[in-house]
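structure-v1.cif (mmCIF, C-alpha atoms)
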data_my_file
loop_
_atom_site.label_atom_id
_atom_site.label_comp_id
_atom_site.auth_asym_id
_atom_site.auth_seq_id
_atom_site.Cartn_x
_atom_site.Cartn_y
_atom_site.Cartn_z
CA MET A 10 -36.34 103.33 16.78
CA LEU A 11 -35.42 99.83 17.93
CA MET A 12 -36.76 97.51 15.25
CA PRO A 13 -36.02 93.92 14.22
CA MET A 14 -34.06 93.13 11.09
CA SER A 15 -35.45 91.53 7.94
CA CYS A 16 -33.56 89.27 5.60
CA LYS A 17 -34.09 87.95 2.09
CA GLN A 18 -32.42 85.05 0.41
CA CYS A 19 -32.77 82.96 -2.75
CA HIS A 20 -32.79 79.19 -2.61
CA GLY A 21 -33.18 76.93 -5.64
CA GLY A 22 -34.77 79.73 -7.65
CA ALA A 23 -37.58 80.13 -5.13
CA PHE A 24 -37.76 83.47 -3.38
CA ILE A 25 -37.92 83.13 0.37
CA GLN A 26 -38.43 86.01 2.73
CA ALA A 27 -37.96 85.73 6.45
CA LYS A 28 -39.49 88.48 8.51
CA LEU A 29 -38.52 88.69 12.15
CA HIS A 30 -41.51 89.90 14.10
CA LEU A 31 -41.38 91.82 17.35
CA THR A 32 -42.02 88.57 19.20
CA GLY A 33 -38.84 87.12 17.80
CA THR A 34 -40.52 84.44 15.71
CA SER A 35 -39.65 83.78 12.11
CA VAL A 36 -42.25 83.34 9.38
CA PHE A 37 -41.12 81.94 6.06
CA ARG A 38 -43.08 82.36 2.83
CA ALA A 39 -41.92 80.45 -0.22
CA SER A 40 -42.94 80.78 -3.86
CA ALA A 41 -45.92 78.73 -5.04
CA PRO A 42 -45.31 74.97 -5.38
CA PRO A 43 -44.65 73.65 -8.91
CA ARG A 44 -47.56 72.85 -11.24
CA ARG A 45 -47.81 70.03 -13.80
CA GLN A 46 -49.99 69.84 -16.90
CA GLN A 47 -52.33 66.83 -17.09
CA GLY A 48 -55.19 66.53 -19.57
CA GLY A 49 -55.42 70.26 -20.09
CA ARG A 50 -55.56 70.89 -16.35
CA GLN A 51 -52.94 72.28 -14.06
CA LEU A 52 -52.25 70.15 -10.98
CA THR A 53 -50.48 71.54 -7.94
CA LEU A 54 -47.92 69.11 -6.57
CA ARG A 55 -47.64 69.08 -2.78
CA THR A 56 -45.11 67.14 -0.80
CA THR A 57 -44.93 66.74 2.92
CA ALA A 58 -41.86 65.74 4.87
CA LYS A 59 -41.21 65.48 8.57
CA LEU A 60 -38.67 68.15 9.41
CA ALA A 61 -35.57 67.35 11.39
CA GLN A 62 -35.23 68.99 14.79
CA LYS A 63 -32.80 71.80 15.51
CA ALA A 64 -31.49 71.61 19.07
CA GLU A 65 -29.61 74.68 20.26
CA TYR A 66 -27.05 73.46 22.81
CA ILE A 67 -26.34 76.33 25.22
CA TRP A 68 -23.63 76.62 27.86
CA MET A 69 -21.68 79.24 29.82
CA ASP A 70 -17.97 79.88 29.48
CA GLY A 71 -17.72 81.23 33.05
CA ALA A 72 -16.25 84.58 32.00
CA GLU A 73 -19.24 86.87 32.55
CA GLY A 74 -17.85 90.29 33.47
CA GLN A 75 -14.25 89.06 33.73
CA GLU A 76 -11.44 91.45 32.81
CA SER A 77 -10.03 88.90 30.35
CA LYS A 78 -13.23 89.15 28.32
CA GLY A 79 -14.49 92.61 29.13
CA LEU A 80 -17.77 93.70 30.67
CA ILE A 81 -19.37 94.23 27.26
CA PHE A 82 -19.21 90.53 26.36
CA ASN A 83 -21.56 87.93 27.84
CA GLU A 84 -20.71 84.35 28.80
CA MET A 85 -23.30 82.55 26.68
CA ARG A 86 -22.12 80.06 24.06
CA ALA A 87 -24.31 78.00 21.71
CA LYS A 88 -24.24 75.74 18.69
CA THR A 89 -26.88 73.80 16.80
CA LYS A 90 -27.26 70.03 16.56
CA VAL A 91 -29.66 68.73 13.88
CA ILE A 92 -31.54 65.63 15.06
CA GLN A 93 -33.30 63.68 12.32
CA GLU A 94 -35.97 62.18 14.60
CA PRO A 95 -37.30 64.91 16.90
CA LEU A 96 -37.00 64.23 20.62
CA GLY A 97 -39.19 65.55 23.42
CA LEU A 98 -38.42 67.81 26.38
CA ASN A 99 -36.61 65.29 28.58
CA PRO A 100 -32.91 66.27 28.78
CA LYS A 101 -31.97 62.62 29.36
CA ASP A 102 -33.08 61.85 25.80
CA TYR A 103 -30.51 64.21 24.30
CA PRO A 104 -26.96 63.05 23.62
CA ASP A 105 -23.89 64.59 25.16
CA TRP A 106 -21.84 66.72 22.78
CA SER A 107 -18.35 68.20 22.81
CA PHE A 108 -16.85 71.57 21.97
CA ASP A 109 -13.44 73.16 21.58
CA GLY A 110 -12.70 74.44 25.05
CA SER A 111 -9.49 76.12 23.89
CA SER A 112 -11.64 78.57 21.92
CA THR A 113 -13.81 79.47 24.92
CA GLY A 114 -11.07 79.76 27.53
CA GLN A 115 -12.13 76.49 29.18
CA ALA A 116 -9.28 74.19 28.04
CA GLU A 117 -5.76 74.13 26.63
CA GLY A 118 -5.18 73.52 22.93
CA ASN A 119 -3.38 70.21 23.47
CA ASN A 120 -6.39 68.73 25.29
CA SER A 121 -9.25 70.92 24.19
CA ASP A 122 -12.40 68.77 24.22
CA CYS A 123 -15.02 69.67 26.83
CA ILE A 124 -18.28 67.75 27.24
CA LEU A 125 -21.80 69.22 27.15
CA ASN A 126 -24.33 67.38 29.31
CA PRO A 127 -27.99 68.44 28.74
CA VAL A 128 -29.85 69.39 31.95
CA CYS A 129 -32.87 71.42 30.80
CA VAL A 130 -34.84 71.44 27.53
CA THR A 131 -37.51 73.94 26.47
CA PRO A 132 -39.30 74.76 23.21
CA ASP A 133 -37.34 77.16 21.03
CA PRO A 134 -39.61 80.24 20.78
CA ILE A 135 -37.54 81.78 17.98
CA ARG A 136 -37.29 78.84 15.57
CA GLY A 137 -40.64 77.33 16.52
CA GLU A 138 -41.83 73.91 15.23
CA ASP A 139 -40.26 70.99 17.14
CA ASN A 140 -37.01 72.89 17.70
CA VAL A 141 -35.66 73.20 21.21
CA LEU A 142 -33.22 74.98 23.49
CA VAL A 143 -30.91 72.59 25.36
CA LEU A 144 -29.17 74.06 28.39
CA CYS A 145 -26.02 72.12 29.26
CA GLU A 146 -23.50 71.64 32.03
CA VAL A 147 -19.81 71.50 31.12
CA PHE A 148 -17.70 68.50 32.11
CA TYR A 149 -14.09 67.49 31.66
CA PRO A 150 -13.48 64.43 29.44
CA ASP A 151 -13.04 62.28 32.57
CA GLY A 152 -16.63 63.02 33.61
CA THR A 153 -15.89 65.44 36.44
CA PRO A 154 -17.59 68.86 36.52
CA HIS A 155 -15.62 71.63 34.84
CA GLU A 156 -14.37 74.40 37.14
CA THR A 157 -16.88 76.77 35.47
CA ASN A 158 -19.75 74.37 36.24
CA THR A 159 -21.36 76.14 39.19
CA ARG A 160 -24.58 74.17 38.73
CA ALA A 161 -22.85 70.99 39.91
CA LYS A 162 -21.74 72.74 43.12
CA LEU A 163 -25.32 73.78 43.82
CA GLU A 164 -26.72 70.34 43.01
CA ALA A 165 -24.31 68.74 45.48
CA LEU A 166 -25.73 71.01 48.19
CA VAL A 167 -29.38 70.18 47.46
CA THR A 168 -29.70 67.16 49.77
CA ASP A 169 -32.93 65.55 50.95
CA LYS A 170 -32.82 67.77 54.03
CA VAL A 171 -32.57 70.89 51.87
CA ARG A 172 -35.42 69.67 49.67
CA LYS A 173 -37.62 69.47 52.76
CA GLU A 174 -37.02 73.19 53.23
CA ALA A 175 -38.74 73.73 49.84
CA CYS A 176 -36.56 76.75 49.01
CA LEU A 177 -38.05 79.16 46.48
CA PHE A 178 -36.28 81.91 44.56
CA GLY A 179 -37.40 84.96 42.62
CA PHE A 180 -34.62 86.50 40.53
CA GLU A 181 -34.91 90.13 39.40
CA GLN A 182 -32.56 90.49 36.43
CA GLU A 183 -31.73 94.09 35.54
CA TYR A 184 -29.98 94.85 32.25
CA THR A 185 -29.04 97.86 30.15
CA LEU A 186 -29.70 98.10 26.42
CA LEU A 187 -26.72 99.52 24.56
CA THR A 188 -26.13 100.53 20.98
CA LYS A 189 -23.33 98.92 18.97
CA GLN A 190 -21.25 101.98 19.94
CA GLY A 191 -21.68 101.12 23.62
CA THR A 192 -23.95 103.98 24.69
CA PRO A 193 -27.29 103.34 26.44
CA TYR A 194 -30.12 102.97 23.99
CA GLY A 195 -32.17 106.14 23.53
CA TRP A 196 -29.56 108.49 24.98
CA PRO A 197 -28.72 111.61 22.93
CA LEU A 198 -25.63 111.20 20.78
CA GLY A 199 -22.72 112.62 22.76
CA GLY A 200 -25.01 113.82 25.54
CA TYR A 201 -27.24 112.80 28.43
CA PRO A 202 -30.99 112.40 28.92
CA ALA A 203 -33.00 114.15 31.63
CA PRO A 204 -32.08 113.24 35.23
CA GLN A 205 -33.50 110.03 36.70
CA GLY A 206 -37.09 110.21 37.87
CA PRO A 207 -39.50 109.91 34.89
CA PHE A 208 -38.17 106.59 33.60
CA TYR A 209 -38.93 103.93 36.23
CA CYS A 210 -42.03 102.04 35.05
CA GLY A 211 -42.53 104.90 32.61
CA VAL A 212 -44.98 105.05 29.71
CA GLY A 213 -44.54 107.03 26.49
CA SER A 214 -41.74 107.58 24.01
CA GLU A 215 -40.34 110.46 26.07
CA SER A 216 -39.80 108.12 29.05
CA VAL A 217 -39.23 104.62 27.67
CA MET A 218 -36.41 103.33 25.49
CA GLY A 219 -36.30 99.79 24.08
CA ARG A 220 -39.75 98.49 24.95
CA GLN A 221 -39.96 96.56 21.64
CA LEU A 222 -37.07 94.29 22.61
CA ALA A 223 -38.18 93.97 26.24
CA GLU A 224 -41.67 92.87 25.12
CA ALA A 225 -40.27 90.48 22.49
CA HIS A 226 -38.05 88.95 25.16
CA MET A 227 -40.94 88.50 27.59
CA ASP A 228 -43.03 86.83 24.87
CA ALA A 229 -40.15 84.50 24.00
CA CYS A 230 -39.73 83.48 27.65
CA VAL A 231 -43.45 82.74 27.93
CA ARG A 232 -43.42 80.61 24.76
CA ALA A 233 -40.35 78.76 26.01
CA GLY A 234 -42.28 77.79 29.14
CA LEU A 235 -40.08 79.76 31.54
CA ILE A 236 -41.63 80.97 34.79
CA ILE A 237 -41.28 84.67 34.03
CA SER A 238 -43.20 86.88 36.46
CA GLY A 239 -43.02 90.19 34.60
CA ILE A 240 -40.93 93.05 33.22
CA ASN A 241 -40.56 96.77 33.88
CA ALA A 242 -38.55 99.76 32.74
CA GLU A 243 -35.93 100.65 35.35
CA VAL A 244 -34.68 103.87 36.96
CA MET A 245 -31.93 104.65 34.47
CA PRO A 246 -33.23 105.30 30.93
CA GLY A 247 -32.46 102.38 28.63
CA GLN A 248 -32.42 99.97 31.57
CA TRP A 249 -34.95 97.15 32.02
CA GLU A 250 -35.71 94.27 34.36
CA PHE A 251 -37.32 90.86 34.01
CA GLN A 252 -38.21 88.53 36.87
CA ILE A 253 -37.89 84.73 36.96
CA GLY A 254 -39.69 82.70 39.64
CA PRO A 255 -40.79 81.64 42.10
CA VAL A 256 -38.91 78.42 41.32
CA GLY A 257 -36.57 75.98 43.06
CA PRO A 258 -32.76 76.19 43.41
CA LEU A 259 -31.65 74.43 40.23
CA GLU A 260 -34.60 75.80 38.27
CA VAL A 261 -33.76 79.43 39.05
CA GLY A 262 -30.28 79.04 37.59
CA ASP A 263 -31.49 77.07 34.57
CA GLN A 264 -34.27 79.50 33.73
CA VAL A 265 -32.28 82.69 34.32
CA HIS A 266 -29.57 81.44 31.97
CA LEU A 267 -32.11 80.47 29.30
CA ALA A 268 -33.78 83.88 29.69
CA ARG A 269 -30.40 85.57 29.34
CA TYR A 270 -29.69 83.54 26.21
CA LEU A 271 -33.00 84.61 24.66
CA LEU A 272 -32.28 88.24 25.51
CA HIS A 273 -28.88 88.13 23.79
CA ARG A 274 -30.22 86.13 20.86
CA LEU A 275 -33.07 88.58 20.21
CA GLY A 276 -30.60 91.43 20.60
CA GLU A 277 -28.93 90.14 17.42
CA ASP A 278 -32.17 90.69 15.50
CA PHE A 279 -32.77 94.11 17.02
CA GLN A 280 -29.13 95.19 16.63
CA ALA A 281 -28.97 95.93 20.36
CA LEU A 282 -26.62 94.79 23.10
CA ALA A 283 -27.98 93.70 26.49
CA SER A 284 -25.36 94.42 29.16
CA PHE A 285 -25.22 93.05 32.70
CA ASN A 286 -22.52 95.54 33.70
CA PRO A 287 -23.37 96.50 37.31
CA LYS A 288 -22.44 100.16 36.70
CA PRO A 289 -22.72 100.85 32.96
CA MET A 290 -22.68 104.64 33.36
CA LYS A 291 -20.60 106.58 35.88
CA GLY A 292 -22.16 109.44 37.78
CA ASP A 293 -25.64 109.99 39.16
CA TRP A 294 -27.17 106.93 37.49
CA ASN A 295 -28.45 103.72 39.03
CA GLY A 296 -26.46 100.55 38.54
CA ALA A 297 -27.84 97.15 37.52
CA GLY A 298 -28.46 94.43 40.07
CA ALA A 299 -30.06 91.03 40.48
CA HIS A 300 -32.12 91.32 43.63
CA THR A 301 -32.97 87.81 44.78
CA ASN A 302 -36.10 86.95 46.73
CA PHE A 303 -35.67 83.88 48.92
CA SER A 304 -37.87 81.84 51.22
CA THR A 305 -38.12 78.45 52.88
CA ALA A 306 -41.22 76.55 53.94
CA SER A 307 -40.66 77.81 57.50
CA MET A 308 -40.65 81.43 56.30
CA ARG A 309 -43.86 81.04 54.30
CA LYS A 310 -46.07 79.72 57.09
CA GLU A 311 -47.80 81.53 59.97
CA GLY A 312 -45.18 82.99 62.27
CA GLY A 313 -42.56 82.82 59.53
CA MET A 314 -40.98 86.15 60.58
CA GLU A 315 -39.04 84.25 63.22
CA ALA A 316 -37.39 82.12 60.51
CA ILE A 317 -36.81 85.22 58.34
CA ASN A 318 -35.10 87.09 61.17
CA ALA A 319 -32.98 84.03 61.99
CA ALA A 320 -31.88 83.84 58.34
CA ILE A 321 -30.97 87.54 58.33
CA GLU A 322 -28.85 87.03 61.44
CA ARG A 323 -26.95 84.23 59.69
CA LEU A 324 -26.52 86.36 56.56
CA SER A 325 -25.01 89.16 58.64
CA LYS A 326 -22.22 86.78 59.73
CA THR A 327 -21.39 85.59 56.17
CA HIS A 328 -21.56 88.97 54.42
CA PRO A 329 -17.93 88.96 53.15
CA GLU A 330 -18.34 85.46 51.65
CA HIS A 331 -21.46 86.47 49.76
CA ILE A 332 -20.06 89.80 48.56
CA SER A 333 -16.93 88.12 47.21
CA GLN A 334 -19.08 85.94 44.92
CA TYR A 335 -21.97 88.26 44.12
CA GLY A 336 -20.64 89.55 40.80
CA THR A 337 -17.73 91.32 39.14
CA GLY A 338 -17.51 95.11 39.43
CA ASN A 339 -20.11 95.18 42.20
CA GLU A 340 -18.01 97.65 44.20
CA LEU A 341 -18.92 100.29 41.59
CA ARG A 342 -22.62 99.69 42.30
CA LEU A 343 -22.76 99.05 46.05
CA THR A 344 -21.75 102.53 47.20
CA GLY A 345 -24.56 103.43 49.60
CA LYS A 346 -26.18 105.54 46.89
CA HIS A 347 -28.78 104.80 44.21
CA GLU A 348 -30.81 102.35 46.33
CA THR A 349 -27.85 100.31 47.55
CA CYS A 350 -26.05 99.64 50.81
CA ASP A 351 -22.30 100.15 50.93
CA MET A 352 -20.68 96.80 50.17
CA ASN A 353 -18.62 96.87 53.37
CA THR A 354 -21.72 97.34 55.50
CA PHE A 355 -24.50 94.87 56.28
CA ARG A 356 -27.90 96.00 57.40
CA SER A 357 -31.51 94.96 56.98
CA GLY A 358 -34.75 96.91 57.04
CA VAL A 359 -38.45 96.85 56.28
CA ALA A 360 -39.27 98.41 52.90
CA ASP A 361 -35.71 99.80 52.84
CA ARG A 362 -34.15 99.72 49.37
CA GLY A 363 -30.92 101.04 50.81
CA ALA A 364 -30.48 97.90 52.91
CA SER A 365 -28.49 94.76 52.16
CA ILE A 366 -31.55 92.64 52.99
CA ARG A 367 -35.00 94.12 52.57
CA ILE A 368 -38.13 92.77 54.23
CA PRO A 369 -41.06 93.81 52.01
CA LEU A 370 -43.76 95.73 53.89
CA PRO A 371 -46.53 93.19 53.09
CA VAL A 372 -44.34 90.46 54.60
CA GLN A 373 -43.88 92.46 57.80
CA LEU A 374 -47.62 93.13 58.01
CA LYS A 375 -48.58 89.48 57.46
CA GLY A 376 -45.84 88.10 59.65
CA TYR A 377 -44.52 85.60 57.09
CA GLY A 378 -43.26 85.40 53.51
CA TYR A 379 -39.76 85.99 52.16
CA LEU A 380 -36.68 88.23 52.24
CA GLU A 381 -34.96 90.12 49.42
CA ASP A 382 -31.18 89.98 49.06
CA ARG A 383 -30.30 93.24 47.27
CA ARG A 384 -26.55 92.66 47.08
CA PRO A 385 -26.08 90.51 43.90
CA SER A 386 -24.96 92.40 40.80
CA ALA A 387 -26.60 91.97 37.39
CA ASN A 388 -23.74 89.79 36.15
CA VAL A 389 -23.88 87.39 39.10
CA ASP A 390 -24.12 83.65 38.56
CA PRO A 391 -27.66 82.63 39.66
CA TYR A 392 -26.49 79.13 40.67
CA THR A 393 -23.96 80.76 43.01
CA VAL A 394 -26.58 83.03 44.59
CA ALA A 395 -28.87 80.05 45.24
CA ARG A 396 -26.00 77.98 46.67
CA LEU A 397 -24.85 80.70 49.07
CA LEU A 398 -28.36 81.51 50.31
CA ILE A 399 -29.08 77.83 50.98
CA LYS A 400 -25.69 77.29 52.60
CA THR A 401 -26.17 80.24 54.94
CA CYS A 402 -29.89 80.20 55.64
CA CYS A 403 -30.80 76.52 55.83
CA PRO A 404 -29.81 74.92 59.16
CA LYS A 405 -27.41 72.02 58.75
#

Would you mind giving the structure from this file in structure tokens?
Amino acid sequence: MLMPMSCKQCHGGAFIQAKLHLTGTSVFRASAPPRRQQGGRQLTLRTTAKLAQKAEYIWMDGAEGQESKGLIFNEMRAKTKVIQEPLGLNPKDYPDWSFDGSSTGQAEGNNSDCILNPVCVTPDPIRGEDNVLVLCEVFYPDGTPHETNTRAKLEALVTDKVRKEACLFGFEQEYTLLTKQGTPYGWPLGGYPAPQGPFYCGVGSESVMGRQLAEAHMDACVRAGLIISGINAEVMPGQWEFQIGPVGPLEVGDQVHLARYLLHRLGEDFQALASFNPKPMKGDWNGAGAHTNFSTASMRKEGGMEAINAAIERLSKTHPEHISQYGTGNELRLTGKHETCDMNTFRSGVADRGASIRIPLPVQLKGYGYLEDRRPSANVDPYTVARLLIKTCCPK
């Protein structure tokens, strides 16, 4: 059974126990405060001190799913800065920081410093108190965006004209829970579970594997203030999905990366590995994608189907460009089977989960709404997806 870990430690003779709850929070209980004799009475001494703030600086090394790193490893990096006077939630209030880029594959050893620039700050749902998560962009020492900084490329595209389009994104992040041995969580040792069918949105221990972690992750996202829309068990047993949005272009990338960080961080406590491998198991098993729902103001108003169809026509002409940047190993997933369209083919359809672009049935019936790009793989960069959809779908 997937359960969180507990730890015990001694500090200064006082016994402290930290219990990690299913929600991912930590509760500390210390021994009773010291007592002093005075006039035959025992007085309890209490001291209060304002705690320093722990700021978890988070960035991406740009190697998600790359052969040099291996599909099992994620791209998240993080380290903690202790700030004596707690700051708020404005990223501009947080100082830049540096890290050894030669140890993350982002610099050479003879000039290894890379700069972290805070762009998004949220409450830390795991540490609690005034502690925060600080998502950062990576820059070279000369102040130019690092080659792995895909956020900067998106930001450069978000002009005033694009802002008027009021683009919204909903990102459906699928992931597979694996054991430390690399097998999907809940699968029989050395064997296979029942064929796909009972597991999608399933209920019950015979159908669902890993709900404790999925629920803890959802709770953590809510407490961090992320716009998480929901979760569900997926088609392959041991596979889950969470949804971020609807949010704007920069926000979808920021929040997906923070949600991914929380998933990996809680996986440490549950001794589970969350993989974004687009095809974690060969054979008759669904892969893992990142279906992206996209709309502009023109699509969301009466008669918006005209704008949706125009966007699909543009997407059909840029299919190779999108596919080339929609994730590593995606060719193993986009085969025309398991609710995918072959990666060398582009087609759209209403309520068709075997299409490249799906128009949800309610959208077709109303005549306005959004489209769903089903091509991105689970390990895709969300900033890149947002940039390509804006570049293709928003008229210049």

Residues within 9 Å of (-35.6, 97.3, 49.2), counting all atoms listed in the file, listed as a PDB file with C-alpha atoms, keeping the file's coordinate frame:
ATOM      1  CA  HIS A 300     -32.120  91.320  43.630  1.00  0.00           C
ATOM      2  CA  GLU A 348     -30.810 102.350  46.330  1.00  0.00           C
ATOM      3  CA  THR A 349     -27.850 100.310  47.550  1.00  0.00           C
ATOM      4  CA  GLY A 358     -34.750  96.910  57.040  1.00  0.00           C
ATOM      5  CA  VAL A 359     -38.450  96.850  56.280  1.00  0.00           C
ATOM      6  CA  ALA A 360     -39.270  98.410  52.900  1.00  0.00           C
ATOM      7  CA  ASP A 361     -35.710  99.800  52.840  1.00  0.00           C
ATOM      8  CA  ARG A 362     -34.150  99.720  49.370  1.00  0.00           C
ATOM      9  CA  GLY A 363     -30.920 101.040  50.810  1.00  0.00           C
ATOM     10  CA  ALA A 364     -30.480  97.900  52.910  1.00  0.00           C
ATOM     11  CA  SER A 365     -28.490  94.760  52.160  1.00  0.00           C
ATOM     12  CA  ILE A 366     -31.550  92.640  52.990  1.00  0.00           C
ATOM     13  CA  ARG A 367     -35.000  94.120  52.570  1.00  0.00           C
ATOM     14  CA  ILE A 368     -38.130  92.770  54.230  1.00  0.00           C
ATOM     15  CA  PRO A 369     -41.060  93.810  52.010  1.00  0.00           C
ATOM     16  CA  GLU A 381     -34.960  90.120  49.420  1.00  0.00           C
ATOM     17  CA  ASP A 382     -31.180  89.980  49.060  1.00  0.00           C
ATOM     18  CA  ARG A 383     -30.300  93.240  47.270  1.00  0.00           C
TER      19      ARG A 383
END

Counting all atoms listed in the file, the residue of A:Ala395, A:Ala233, A:Leu142, A:Val389 that sits nearest Lys63 (chain A):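 Nearest to Lys63 (chain A): A:Leu142.
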
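When all atoms listed in the file are used to compute distances to Ala87 (chain A), the closest of the residues A:Trp106, A:Tyr149, A:Tyr335, A:Phe251 turns out to be A:Trp106.
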
Tell me, in Å to one decimal, how far CA of Pro207 (chain A) is from CA of Ala297 (chain A).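 Taking CA of Pro207 (chain A) and CA of Ala297 (chain A), their separation equals 17.5 Å.
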
Which residues fall under the PyMOL selection byres ((chain A and resi 219) around 10) in this file, as an MDAnalysis selection string? chainID A and resid 10:12 185:187 193:195 214 217:218 220:224 242 246:249 279 281

Could you check how far CA of Gln182 (chain A) sits from CA of Leu343 (chain A), in Å to one decimal?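 Rounded to one decimal, the two atoms are 16.2 Å apart.
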
Check what the PyMOL selection byres ((chain A and resi 183) around 10) selects in the file above and give those residues as a tab-separated table (two decimals) with C-alpha atoms, keeping the file's coordinate frame.
chain	number	residue	atom	x	y	z
A	180	PHE	CA	-34.62	86.50	40.53
A	181	GLU	CA	-34.91	90.13	39.40
A	182	GLN	CA	-32.56	90.49	36.43
A	184	TYR	CA	-29.98	94.85	32.25
A	185	THR	CA	-29.04	97.86	30.15
A	240	ILE	CA	-40.93	93.05	33.22
A	241	ASN	CA	-40.56	96.77	33.88
A	242	ALA	CA	-38.55	99.76	32.74
A	243	GLU	CA	-35.93	100.65	35.35
A	248	GLN	CA	-32.42	99.97	31.57
A	249	TRP	CA	-34.95	97.15	32.02
A	250	GLU	CA	-35.71	94.27	34.36
A	251	PHE	CA	-37.32	90.86	34.01
A	252	GLN	CA	-38.21	88.53	36.87
A	283	ALA	CA	-27.98	93.70	26.49
A	284	SER	CA	-25.36	94.42	29.16
A	285	PHE	CA	-25.22	93.05	32.70
A	286	ASN	CA	-22.52	95.54	33.70
A	287	PRO	CA	-23.37	96.50	37.31
A	296	GLY	CA	-26.46	100.55	38.54
A	297	ALA	CA	-27.84	97.15	37.52
A	298	GLY	CA	-28.46	94.43	40.07
A	299	ALA	CA	-30.06	91.03	40.48
A	300	HIS	CA	-32.12	91.32	43.63
A	386	SER	CA	-24.96	92.40	40.80
A	387	ALA	CA	-26.60	91.97	37.39
A	388	ASN	CA	-23.74	89.79	36.15

Given the choices A:Cys129, A:Val256, A:Met290, A:Leu397, which gets closest to Ser238 (chain A) if the distance is worked out from all atoms listed in the file?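 Ranked by minimum distance to Ser238 (chain A), first place goes to A:Val256.
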
Convert the output of the PyMOL selection byres ((chain A and resi 167-169) around 12) on the shown file into explicit residues, formatted as JSON, numbers by chain. {"A": [160, 161, 162, 163, 164, 165, 166, 170, 171, 172, 173, 174, 175, 176, 257, 258, 259, 260, 392, 395, 396, 397, 398, 399, 400, 403, 405]}

Atom pair CA of Met352 (chain A) / CA of Arg384 (chain A): separation (Å):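 Those two atoms sit 7.8 Å apart.
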
Calculate, to one decimal in Å, the centre and edge lengths of the box along x, y and z of the file that holds all listed atoms of region 177-188 of chain A with 5 Å of margin on each side, and present them as AutoDock Vina command-line options.
--center_x -32.1 --center_y 89.8 --center_z 33.7 --size_x 21.9 --size_y 31.4 --size_z 35.5

Looking at all atoms listed in the file, which of A:Gly338, A:Pro132, A:Pro100, A:Pro289 is the one that sits closest to Gly191 (chain A)?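 Smallest separation from Gly191 (chain A) among the options: A:Pro289.
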
Go through A:Ala306, A:Leu125, A:Leu275, A:Met314 and flag the residue nearest Trp68 (chain A), using all atoms listed in the file for the distances.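 The closest residue to Trp68 (chain A) is A:Leu125.
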
Name the closest residue to Lys59 (chain A) among the candidates A:Gln93, A:Ser77, A:Ser107, A:Gln373; distances are taken between atoms, counting all atoms listed in the file. A:Gln93

Neighbouring residues of region 316-333 of chain A were defined as those with any atom within 9 Å, considering all atoms listed in the file; residues of the same chain fewer than 2 positions away were excluded. Please report them as a PyMOL selection string. chain A and resi 304-305+307-308+312-314+335-337+339+352-357+366+368+377-380+384-385+394+397-398+401-403

List as a ChimeraX atom specification the protein and nucleic acid residues near Phe178 (chain A), meaning an atom at most 6 Å away when only C-alpha atoms are counted, but skip any in the same chain fewer than 4 places from it. /A:255-256,302-303

Could you give me region 123-133 of chain A completed to N, CA and C atoms, formatted as a PDB file, keeping the file's coordinate frame?
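Result saved to selection00.pdb:
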ATOM      1  N   CYS A 123     -14.177  69.610  25.638  1.00  0.00           N
ATOM      2  CA  CYS A 123     -15.020  69.670  26.830  1.00  0.00           C
ATOM      3  C   CYS A 123     -16.370  69.045  26.465  1.00  0.00           C
ATOM      4  N   ILE A 124     -17.052  68.497  27.473  1.00  0.00           N
ATOM      5  CA  ILE A 124     -18.280  67.750  27.240  1.00  0.00           C
ATOM      6  C   ILE A 124     -19.494  68.559  27.684  1.00  0.00           C
ATOM      7  N   LEU A 125     -20.528  68.578  26.829  1.00  0.00           N
ATOM      8  CA  LEU A 125     -21.800  69.220  27.150  1.00  0.00           C
ATOM      9  C   LEU A 125     -22.801  68.159  27.571  1.00  0.00           C
ATOM     10  N   ASN A 126     -23.340  68.308  28.776  1.00  0.00           N
ATOM     11  CA  ASN A 126     -24.330  67.380  29.310  1.00  0.00           C
ATOM     12  C   ASN A 126     -25.664  68.099  29.455  1.00  0.00           C
ATOM     13  N   PRO A 127     -26.692  67.747  28.662  1.00  0.00           N
ATOM     14  CA  PRO A 127     -27.990  68.440  28.740  1.00  0.00           C
ATOM     15  C   PRO A 127     -28.646  68.292  30.115  1.00  0.00           C
ATOM     16  N   VAL A 128     -29.178  69.410  30.645  1.00  0.00           N
ATOM     17  CA  VAL A 128     -29.850  69.390  31.950  1.00  0.00           C
ATOM     18  C   VAL A 128     -31.248  69.989  31.906  1.00  0.00           C
ATOM     19  N   CYS A 129     -31.547  70.772  30.875  1.00  0.00           N
ATOM     20  CA  CYS A 129     -32.870  71.420  30.800  1.00  0.00           C
ATOM     21  C   CYS A 129     -33.200  71.680  29.329  1.00  0.00           C
ATOM     22  N   VAL A 130     -34.410  71.281  28.924  1.00  0.00           N
ATOM     23  CA  VAL A 130     -34.840  71.440  27.530  1.00  0.00           C
ATOM     24  C   VAL A 130     -36.167  72.179  27.495  1.00  0.00           C
ATOM     25  N   THR A 131     -36.256  73.192  26.646  1.00  0.00           N
ATOM     26  CA  THR A 131     -37.510  73.940  26.470  1.00  0.00           C
ATOM     27  C   THR A 131     -37.791  74.115  24.979  1.00  0.00           C
ATOM     28  N   PRO A 132     -39.035  74.400  24.614  1.00  0.00           N
ATOM     29  CA  PRO A 132     -39.300  74.760  23.210  1.00  0.00           C
ATOM     30  C   PRO A 132     -38.495  75.979  22.813  1.00  0.00           C
ATOM     31  N   ASP A 133     -38.060  76.008  21.557  1.00  0.00           N
ATOM     32  CA  ASP A 133     -37.340  77.160  21.030  1.00  0.00           C
ATOM     33  C   ASP A 133     -38.356  78.164  20.502  1.00  0.00           C
TER      34      ASP A 133
END
